[in-house]
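Below is one structure; the comments refer to it alone.
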Amino acid sequence: MIKVRNLTKKYGNHLAVNNISFDIKPGKIYGLLGPNGAGKSTTMNILTGCLAATSGEVKVDGHDIFDEPLEAKRHIGYLPEQPPVYGEMTPREYLMFVAEAKGVPFEKSLRHVKEVMQLTQIYDVRNRLIRNLSKGYRQRVGIAQAMIGEPDVIILDEPTVGLDPAQIIEIRNLIRKLGRLKTVIISSHILAEISAVCDHVIIISHGNIVANDTLENLEASASRNNALTLKIKGDKARAEKLISSVPGVASAEYSENGGVVSALVIAEEGADIREAVFNAFASAKMPLLDMHTNETTLEDIFLGLAYGSDERNAYIAEPEEEEEEIGEEKPKAKEEDDYKPLFSASDDEEDDE
């Protein structure tokens with residue numbers, strides 16, 4: 001569906017996107033994940049033809065986004081981080097305007113707009129001014145405009161930014177519904193956002209792709225890198241000798257407190273040493289008070305890939321905000337017919353034309 005090859009974008013001396021390549025295949029929800037400033041929005045703006053690349057190639061359904069922009073853009077619906085809606089219009093007026101701008105025939109657009117409003121659940125507020133809608137509804141209007149013209153790919157840049165928890169859940173459910181109809185690409189700097197709705201993850205850091213895989217494969221990769229935490233009753237030197245005799249042990253760290261030895265044991269890649277460790281201490285009649293695995297989580301993988309070890313440690317060790325003094329007011333944050341129906345809609349609702 002979309003092929004990206006050797007894509008690079010420079011702003012003066014700043015390298016925003018560094019020679020990245022990836023493919024977007026039909027029928028999946030892709031997540032573009034990375035810290036703020038990683039290059040996600042720049043990449044999305046290039047994919048949608050809103051920004052020129054310094055070098056590289058982007059093809060949408062075989063059409064080069066730079067050489068054949070109109071043909072390529074017909075396959076794409078785009079929601080920027082700030083929804084491009086007009087507050088003085090109603091949702092229905094705005095979507096009819098978008099349909100006309102995208103060249104949808106008038107007769108077809110009447111039914112098409114109605115179905116898009118039903119799918120995005122804004123039909124009940126279709127005649128209210130957009131400026132009077134909540135941010136969650138305005139976001140839905142923005143997603144609806146991306147769907148106008150029946151594009152094959154829906155691209156959403158930070159679709160839940162600034163929404164409250166209930167609105168976030170609603171938008172996530174809508175994205176899952178869209179994923180059953182279209183190929184969807186969403187960007188976010190929040191791992192939970194991506195893992196909640198996406199099938200495939202592309203992690204970007206400093207303009208480079210550092211991971212490109214399914215969530216299942218990333219999670220499986222995490223579960224292979226286990227550490228073993230032990231609490232042993234007895235002598236530290238004897239515990240060290242027993243652990244060092246177990247095949248598959250890569251390294252171990254020890255501490256002792258009141259006759260109880262704590263050990264963090266790292267196994268070699270692919271090795272499961274739990275049974276061997278248990279048998280070693282049982283044979284030596286040395287009580288093993290506790291043994292459990294410390295699995296590397298998806299969050300650990302994301303922080304390690306996206307930030308690197310030094311940045312990750314700084315990120316985790318970031319000091320808490322100082323308690324604000326009484327009477328000190330913090331500044332408020334800024335808010336950030338050939339017709340094919342999208343889905344089977346009921347025909348018993350009257351049109352408002």
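Starting from 1 in every chain, residues are counted up; chains themselves are A, B, ... following the order of the structure tokens, and ligands are numbered from 1 as listed.
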
Each residue of segment 137-233 of chain A with at least one atom at most 6 Å from segment 10-27 of chain A should appear once, together with its nearest atom pair and the corresponding distance in Å (one decimal); atoms considered: only C-alpha atoms; ordering: chain, then increasing residue number; output as a Markdown table.
```
| residue | atom | partner | partner_atom | distance |
| --- | --- | --- | --- | --- |
| A:Lys182 | CA | A:Gly27 | CA | 6.0 |
| A:Thr183 | CA | A:Gly27 | CA | 4.8 |
| A:Gly207 | CA | A:Val17 | CA | 4.0 |
| A:Asn208 | CA | A:Asn18 | CA | 5.5 |
```

Checklist outcome for this item: re atom CA of Leu303 of chain A and atom CA of Leu47 of chain A: distance 25.8 Å

Item to check | Top pick for closest residue to Gly248 of chain A, considering A:Glu193, A:Asp164, A:Asp235, A:Asp272 and counting only C-alpha atoms | outcome: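 Under the stated criterion, the closest residue is A:Asp272.
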
Next on the checklist: Based on the backbone DSSP call, show me all residues of segment 148-298 of chain A assigned strand (DSSP E or B), as number ranges by chain.
Outcome noted: A: 153-157, 183-188, 200-205, 208-214, 226-233, 249-257, 260-267, 288-295

Checklist entry - If you measure from atom CA of Glu71 of chain A to atom CA of Pro84 of chain A, what distance in Å do you get, rounded to one decimal? => result 21.8 Å

Checklist outcome for this item: Computed gap from atom CA of Glu88 of chain A to atom CA of Ala101 of chain A is 17.7 Å

Next on the checklist: So, with only C-alpha atoms as the atoms that count, which of A:Gly31, A:Arg126, A:Glu299, A:Ala267 lies closest to Val201 of chain A?
Outcome noted: A:Gly31

Next on the checklist: Run DSSP on the backbone and tell me which residues of segment 46-136 of chain A come out as alpha helix (DSSP H); list them as an MDAnalysis selection string.
Outcome noted: chainID A and resid 46:47 69:73 91:101 106:119 135:136

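Proximity to Gly34 of chain A at 9 Å, evaluated using only C-alpha atoms and with sequence-adjacent residues fewer than 2 positions away removed, yields A:Leu32, A:Asn36, A:Gly37, A:Ala38, A:Gly39, A:Lys40, A:Ser187, A:Ser188, A:His189, A:Ile190, A:Leu191, A:Ile202, A:Ile203, A:Ile204, A:Ser205, A:His206, A:Phe302, A:Ala306, A:Tyr307.
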